[in-house]
Amino acid sequence: MISFLLNVTRAFSNFNYSLSMYSHQEFTFQEHKESVLPAKAWTLGLLCAVWMATGLIGHDPWKSIDAYGFALVYHIVQSGDWLVPTLAGQPDMDNPPLFYMTAALLAKLFSPLLSLHDGARLASGLYTSITLIFVGLTGRELFGTGRGWAAVIILIGCLGLLVHAHELFSELALLAGCAIMLFGYAKSLRYPLVAGIALGCGVGIGFMSNDFTALVLFLIISATLLIFSAWRTHTYFSSLGIALLCALPWILIWPTLLYLRSPELFMVWAWDANIGRWLDFMRRGDFPGLLHYLKTLMWFAWPALPLAVWAVWRARLKIMQETALQLLLASFVVMLLVLSFSPNYGEEHAMPLLLPLALLACAALSTLRRGAANALNWFGIMTFGLLTILLWWAWAGLLLNNRTRVTTLLKDYHPGFEPSVETPAFWIGIIFTVLWMILVWRVRRSMRRAVVNWAAGVTLVWVLVMTIWLPWLDTGKSYRSVFTSLKHALPVQHQCVASQHIGDTQRVMLQYFGGINTLNQAQNVCDLLVIQGEPLQLSKNGAEWIKLWEARRPGTRPEHYYLYQRSKQAVLKDTSNN
């Protein structure tokens, strides 16, 4: 540990020295041509594929975002209603259904090979792939041949993208739309037709996944760029005009179909969930999002953020000449303000901010001296090397039950977990650990080695979490064991099951894992009652309800569930009254 701290201190000393020695050199955003060897391209492509594919399949829908997304997909698969997003039988009009439609289509397409939730989660991989592709194309367009891969590697290394990119989350479609939009802007000064189509499709995909956010971003970014004379050209205006024409079908078709189906639901979507909600939020004047995102980006956007800040600082005197800098700065500032003044704020909504930061960080790589790059490189190697050791050590402790404090805490955190060696997961973890060590050893010395090793370290940790640690995570994040146990506790003969204080997502998971359809707040009709939270006060209701079963779903916020059956006296009383 002392050696680790000394190496970190020495690395950052080299970093500061390198920055001071390099401050007199010129910085440019001009295009550069760099050759990418085929072997290098295949290696980087494989790294991106492993990062993207790991965690998409092999686990149940997890609590919160993943389970919520699958609940909406499950309704489409079961009912065939592709128009109205529905959660537990109730319309959920927060967002249009493009992402969930894609997930339902993939779930049905791969249903012979994958479970529904695994097939649905392939939509996350699809939209994340689109994001990576267009970030690479944008980097190539702005900075020249060979630069696109650097932007992609920096993006997958961002800590905030890792988990959310593998969840059933409609924000991933918005992220893909924003990436396509940035590519359109990058092309808009030279190729108006390509730029217009890209901008229009980016706006449309964003609109169909997250309502008006993408449209607002497009309008404000387009207007902001007009501050700079380089963007006040006929080509740029032509690109914007084509973009509006291409975006119209995306913006008009689904709202029109929704209005024809139900004018009431259209108003709930357009006003209650969007325009009216924004106006009420703005009227209150309380905007916690701005400070929240600024604090979140400190870790969420690492290591892109410090590199992006360095790029902007080095080019601060050339803002009026560099169109790439103008585009990326305008995009970041507009995204930050729009997201900050949105009623929905949280770290998961900060993902679009990573796009301009990753591209700016790509531009900064060529300006780092060897000492600064080595500092970041060694920091990444030591950080992920230490995390890898801790993951293997803690997993072995669980397996051997060595009764250390860490093992005790892990078992208490997920009570009921029984560790075991799953041979495929174990060998996958071993193979990727060895491959990471080989990659770190064999990567050629360059200014870009640091971001490659960082992305490889992030990928290795994610692979270990999704292989040897997956059973432990599934125990605390899945609803399968609890609701399967509830299914077995149901009496063979019963009329129906009522629910009380059970969230809509949990009701869908009850149906998916237990085959139990519950009626909300129907205690006076059904002879069985499922409760989440506090149990019934049997001292007051003991003559009416009898507890049959109870269980707790472990995790950071344990959830308690109870099953009650109406007593025979209560049933006879209701029968006599009728």
# chains A, B, ... in the order shown; residues from 1 in each chain; ligands from 1

$ residues_around --residues "A:Phe426" --least-positions-apart "3" --cutoff "12 Å" --atoms "only C-alpha atoms" --output "JSON, numbers by chain"
{"A": [392, 395, 396, 420, 421, 422, 423, 429, 430, 431, 432, 433, 463, 464, 465, 466, 467, 468, 469, 470, 471]}

$ write_last_selection --atoms "N, CA and C atoms" --output "PDB file, in the first residue's frame"
ATOM      1  N   TRP A 392     -11.226 -10.365  -6.601  1.00  0.00           N
ATOM      2  CA  TRP A 392     -10.890 -11.793  -6.491  1.00  0.00           C
ATOM      3  C   TRP A 392     -10.747 -12.214  -5.027  1.00  0.00           C
ATOM      4  N   TRP A 395     -14.216 -12.352  -3.357  1.00  0.00           N
ATOM      5  CA  TRP A 395     -14.971 -13.505  -3.879  1.00  0.00           C
ATOM      6  C   TRP A 395     -14.453 -14.807  -3.273  1.00  0.00           C
ATOM      7  N   ALA A 396     -13.135 -14.951  -3.175  1.00  0.00           N
ATOM      8  CA  ALA A 396     -12.561 -16.150  -2.550  1.00  0.00           C
ATOM      9  C   ALA A 396     -12.946 -16.229  -1.080  1.00  0.00           C
ATOM     10  N   SER A 420     -21.007 -20.239  -4.629  1.00  0.00           N
ATOM     11  CA  SER A 420     -20.588 -21.471  -5.294  1.00  0.00           C
ATOM     12  C   SER A 420     -19.735 -21.094  -6.496  1.00  0.00           C
ATOM     13  N   VAL A 421     -18.948 -22.049  -6.963  1.00  0.00           N
ATOM     14  CA  VAL A 421     -18.088 -21.824  -8.128  1.00  0.00           C
ATOM     15  C   VAL A 421     -18.858 -22.189  -9.387  1.00  0.00           C
ATOM     16  N   GLU A 422     -19.112 -21.190 -10.227  1.00  0.00           N
ATOM     17  CA  GLU A 422     -19.702 -21.438 -11.536  1.00  0.00           C
ATOM     18  C   GLU A 422     -18.564 -21.477 -12.550  1.00  0.00           C
ATOM     19  N   THR A 423     -18.288 -22.654 -13.046  1.00  0.00           N
ATOM     20  CA  THR A 423     -17.075 -22.886 -13.840  1.00  0.00           C
ATOM     21  C   THR A 423     -16.929 -21.934 -15.031  1.00  0.00           C
ATOM     22  N   GLY A 429     -13.531 -14.976 -16.029  1.00  0.00           N
ATOM     23  CA  GLY A 429     -12.835 -13.997 -15.199  1.00  0.00           C
ATOM     24  C   GLY A 429     -11.334 -14.169 -15.249  1.00  0.00           C
ATOM     25  N   ILE A 430     -10.860 -15.413 -15.174  1.00  0.00           N
ATOM     26  CA  ILE A 430      -9.416 -15.678 -15.241  1.00  0.00           C
ATOM     27  C   ILE A 430      -8.844 -15.233 -16.588  1.00  0.00           C
ATOM     28  N   ILE A 431      -9.522 -15.606 -17.672  1.00  0.00           N
ATOM     29  CA  ILE A 431      -9.020 -15.285 -19.012  1.00  0.00           C
ATOM     30  C   ILE A 431      -8.910 -13.780 -19.203  1.00  0.00           C
ATOM     31  N   PHE A 432      -9.930 -13.036 -18.805  1.00  0.00           N
ATOM     32  CA  PHE A 432      -9.888 -11.595 -19.037  1.00  0.00           C
ATOM     33  C   PHE A 432      -8.907 -10.901 -18.096  1.00  0.00           C
ATOM     34  N   THR A 433      -8.681 -11.454 -16.926  1.00  0.00           N
ATOM     35  CA  THR A 433      -7.654 -10.889 -16.052  1.00  0.00           C
ATOM     36  C   THR A 433      -6.272 -11.036 -16.685  1.00  0.00           C
ATOM     37  N   VAL A 463     -16.302  -6.952 -16.290  1.00  0.00           N
ATOM     38  CA  VAL A 463     -16.383  -8.377 -16.608  1.00  0.00           C
ATOM     39  C   VAL A 463     -16.393  -9.205 -15.317  1.00  0.00           C
ATOM     40  N   LEU A 464     -15.533  -8.878 -14.366  1.00  0.00           N
ATOM     41  CA  LEU A 464     -15.500  -9.622 -13.103  1.00  0.00           C
ATOM     42  C   LEU A 464     -16.808  -9.459 -12.323  1.00  0.00           C
ATOM     43  N   VAL A 465     -17.344  -8.246 -12.320  1.00  0.00           N
ATOM     44  CA  VAL A 465     -18.608  -8.014 -11.614  1.00  0.00           C
ATOM     45  C   VAL A 465     -19.735  -8.817 -12.250  1.00  0.00           C
ATOM     46  N   MET A 466     -19.731  -8.911 -13.585  1.00  0.00           N
ATOM     47  CA  MET A 466     -20.808  -9.604 -14.291  1.00  0.00           C
ATOM     48  C   MET A 466     -20.567 -11.101 -14.474  1.00  0.00           C
ATOM     49  N   THR A 467     -19.494 -11.630 -13.905  1.00  0.00           N
ATOM     50  CA  THR A 467     -19.249 -13.078 -13.983  1.00  0.00           C
ATOM     51  C   THR A 467     -19.204 -13.670 -12.576  1.00  0.00           C
ATOM     52  N   ILE A 468     -18.104 -13.539 -11.883  1.00  0.00           N
ATOM     53  CA  ILE A 468     -17.979 -14.189 -10.577  1.00  0.00           C
ATOM     54  C   ILE A 468     -18.864 -13.541  -9.511  1.00  0.00           C
ATOM     55  N   TRP A 469     -19.187 -12.249  -9.680  1.00  0.00           N
ATOM     56  CA  TRP A 469     -20.017 -11.559  -8.688  1.00  0.00           C
ATOM     57  C   TRP A 469     -21.485 -11.489  -9.078  1.00  0.00           C
ATOM     58  N   LEU A 470     -21.846 -12.009 -10.238  1.00  0.00           N
ATOM     59  CA  LEU A 470     -23.231 -11.879 -10.697  1.00  0.00           C
ATOM     60  C   LEU A 470     -24.242 -12.600  -9.795  1.00  0.00           C
ATOM     61  N   PRO A 471     -23.978 -13.829  -9.316  1.00  0.00           N
ATOM     62  CA  PRO A 471     -24.962 -14.460  -8.422  1.00  0.00           C
ATOM     63  C   PRO A 471     -25.221 -13.644  -7.156  1.00  0.00           C
TER      64      PRO A 471
END

$ residues_around --residues "A:Phe228" --least-positions-apart "6" --cutoff "12 Å" --atoms "only C-alpha atoms" --output "JSON, numbers by chain"
{"A": [221, 222, 236, 319, 320, 321, 322, 323, 324, 325, 326, 327, 330]}

$ residues_around --residues "A:Gly202" --least-positions-apart "5" --cutoff "9 Å" --atoms "only C-alpha atoms" --output "list in words"
Leu174, Ala176, Gly177, Cys178, Ala179, Ile180, Met181, Leu182, Gly184, Ile197, Phe207, Ala214 and Ala247 of chain A

$ write_last_selection --atoms "N, CA and C atoms" --output "CSV table (one decimal), in the first residue's frame"
chain,number,residue,atom,x,y,z
A,174,LEU,N,-32.1,8.4,-26.3
A,174,LEU,CA,-31.8,9.9,-26.4
A,174,LEU,C,-30.3,10.1,-26.6
A,176,ALA,N,-28.2,8.1,-28.1
A,176,ALA,CA,-27.9,7.8,-29.5
A,176,ALA,C,-28.3,9.0,-30.4
A,177,GLY,N,-29.5,9.5,-30.1
A,177,GLY,CA,-30.0,10.6,-30.9
A,177,GLY,C,-29.1,11.8,-30.8
A,178,CYS,N,-28.6,12.1,-29.6
A,178,CYS,CA,-27.6,13.3,-29.4
A,178,CYS,C,-26.3,13.0,-30.1
A,179,ALA,N,-25.8,11.8,-30.1
A,179,ALA,CA,-24.6,11.4,-30.9
A,179,ALA,C,-24.8,11.6,-32.4
A,180,ILE,N,-25.9,11.2,-32.9
A,180,ILE,CA,-26.2,11.4,-34.3
A,180,ILE,C,-26.3,12.9,-34.6
A,181,MET,N,-26.9,13.7,-33.7
A,181,MET,CA,-27.0,15.1,-33.9
A,181,MET,C,-25.6,15.8,-34.0
A,182,LEU,N,-24.7,15.4,-33.1
A,182,LEU,CA,-23.4,16.0,-33.1
A,182,LEU,C,-22.6,15.6,-34.4
A,184,GLY,N,-24.2,15.2,-37.2
A,184,GLY,CA,-24.8,16.1,-38.2
A,184,GLY,C,-24.2,17.5,-38.2
A,197,ILE,N,-29.9,15.1,-42.8
A,197,ILE,CA,-30.5,13.8,-42.6
A,197,ILE,C,-30.1,13.3,-41.2
A,207,PHE,N,-36.5,12.6,-29.7
A,207,PHE,CA,-37.9,12.9,-29.4
A,207,PHE,C,-38.8,11.7,-29.1
A,214,ALA,N,-34.6,16.4,-26.9
A,214,ALA,CA,-33.7,16.5,-28.1
A,214,ALA,C,-34.1,17.7,-29.0
A,247,ALA,N,-37.0,15.6,-39.6
A,247,ALA,CA,-37.5,15.4,-38.2
A,247,ALA,C,-39.0,15.4,-38.1

$ select_by_dssp --residues "stretch 434-538 of chain A" --states "strand (DSSP E)" --output "PyMOL selection string"
chain A and resi 497-500+518-520+528-532

$ closest_atom_pairs --of "stretch 431-544 of chain A" --to "stretch 116-137 of chain A" --cutoff "12 Å" --atoms "only C-alpha atoms" --output "CSV"
residue,atom,partner,partner_atom,distance
A:Ser478,CA,A:His117,CA,12.0
A:Met509,CA,A:His117,CA,11.1
A:Tyr512,CA,A:Leu116,CA,9.8
A:Phe513,CA,A:His117,CA,11.2

$ write_last_selection --atoms "N, CA and C atoms" --output "short mmCIF file (atom, residue, chain, number, x, y, z; two decimals), in the first residue's frame"
data_model
loop_
_atom_site.label_atom_id
_atom_site.label_comp_id
_atom_site.auth_asym_id
_atom_site.auth_seq_id
_atom_site.Cartn_x
_atom_site.Cartn_y
_atom_site.Cartn_z
N SER A 478 -32.73 -8.87 -7.76
CA SER A 478 -33.79 -9.54 -8.50
C SER A 478 -35.00 -9.78 -7.60
N MET A 509 -43.52 -7.53 -12.01
CA MET A 509 -42.59 -8.61 -11.68
C MET A 509 -43.32 -9.79 -11.04
N TYR A 512 -44.64 -11.60 -13.96
CA TYR A 512 -43.60 -12.21 -14.80
C TYR A 512 -42.97 -13.42 -14.12
N PHE A 513 -42.59 -13.27 -12.85
CA PHE A 513 -41.90 -14.36 -12.16
C PHE A 513 -42.85 -15.35 -11.48
#

$ atom_distance --atom1 "atom CA of A:His75" --atom2 "atom CA of A:Glu167"
17.7 Å

$ closest_residue --among "A:Ser79, A:Leu252, A:Tyr564, A:Leu47" --to "A:Val152" --atoms "only C-alpha atoms"
A:Leu47

$ closest_residue --among "A:Asn401, A:Ser331, A:Gln565, A:Ser238" --to "A:Leu219" --atoms "only C-alpha atoms"
A:Ser331

$ residues_around --residues "A:Tyr562" --least-positions-apart "6" --cutoff "6 Å" --atoms "only C-alpha atoms" --output "number ranges by chain"
A: 530-531, 549-550

$ write_last_selection --atoms "C-alpha atoms" --output "PDB file, in the first residue's frame"
ATOM      1  CA  VAL A 530     -50.399  -9.204  -0.866  1.00  0.00           C
ATOM      2  CA  ILE A 531     -48.878  -6.280   1.028  1.00  0.00           C
ATOM      3  CA  TRP A 549     -46.477 -16.082   4.199  1.00  0.00           C
ATOM      4  CA  GLU A 550     -43.879 -13.357   4.564  1.00  0.00           C
TER       5      GLU A 550
END

$ residues_around --residues "A:His234" --least-positions-apart "3" --cutoff "12 Å" --atoms "only C-alpha atoms" --output "list in words"
Ser188, Leu189, Arg190, Tyr191, Pro192, Leu226, Ser229, Ala230, Trp231, Phe237, Ser238, Ser239, Leu240 and Gly241 of chain A

$ residues_around --residues "stretch 90-102 of chain A" --least-positions-apart "3" --cutoff "7 Å" --atoms "only C-alpha atoms" --output "compact mmCIF listing (two decimals) with C-alpha atoms, in the first residue's frame"
# COMPACT_ATOMS: atom_id res chain seq x y z
CA LEU A 72 -43.18 -1.46 -20.08
CA VAL A 73 -41.67 -3.91 -22.57
CA TRP A 82 -47.21 -0.74 -29.48
CA VAL A 84 -49.45 3.50 -25.57
CA PRO A 85 -46.73 2.78 -22.97
CA THR A 86 -48.49 0.92 -20.16
CA LEU A 87 -47.27 -0.05 -16.70
CA LEU A 105 -39.20 -6.39 -31.01
CA LEU A 106 -35.80 -7.79 -30.04
CA ALA A 123 -31.98 -2.81 -27.22
CA SER A 170 -34.95 4.94 -22.62
CA ALA A 173 -32.02 6.14 -27.20
CA MET A 208 -39.40 9.44 -29.69
CA SER A 209 -37.46 8.32 -26.63
CA ASN A 210 -37.43 11.34 -24.30
CA ASP A 211 -40.07 13.78 -25.51
CA VAL A 268 -51.70 13.78 -20.41
CA TRP A 269 -48.54 13.21 -22.44
CA ALA A 273 -46.06 14.98 -18.32

$ closest_residue --among "A:Ala551, A:Leu155, A:Val525, A:Leu329" --to "A:Arg566" --atoms "only C-alpha atoms"
A:Val525

$ residues_around --residues "A:Leu248" --least-positions-apart "5" --cutoff "10 Å" --atoms "only C-alpha atoms" --output "compact mmCIF listing (two decimals) with N, CA and C atoms, in the first residue's frame"
# COMPACT_ATOMS: atom_id res chain seq x y z
N GLY A 200 -31.80 15.53 -38.49
CA GLY A 200 -33.23 15.23 -38.40
C GLY A 200 -33.50 13.89 -37.74
N CYS A 201 -32.73 12.87 -38.11
CA CYS A 201 -32.92 11.55 -37.50
C CYS A 201 -32.51 11.56 -36.03
N VAL A 203 -32.68 14.15 -33.96
CA VAL A 203 -33.77 14.82 -33.24
C VAL A 203 -34.96 13.88 -33.11
N GLY A 204 -35.29 13.17 -34.19
CA GLY A 204 -36.45 12.28 -34.16
C GLY A 204 -36.29 11.13 -33.18
N ALA A 243 -32.78 19.26 -41.95
CA ALA A 243 -32.98 18.58 -40.67
C ALA A 243 -34.42 18.69 -40.20
N ILE A 253 -45.86 11.65 -36.40
CA ILE A 253 -46.62 10.40 -36.59
C ILE A 253 -47.14 9.84 -35.27

$ atom_distance --atom1 "atom CA of A:Val163" --atom2 "atom CA of A:Lys40"
26.3 Å

$ atom_distance --atom1 "atom CA of A:Ala489" --atom2 "atom CA of A:Gly503"
20.6 Å
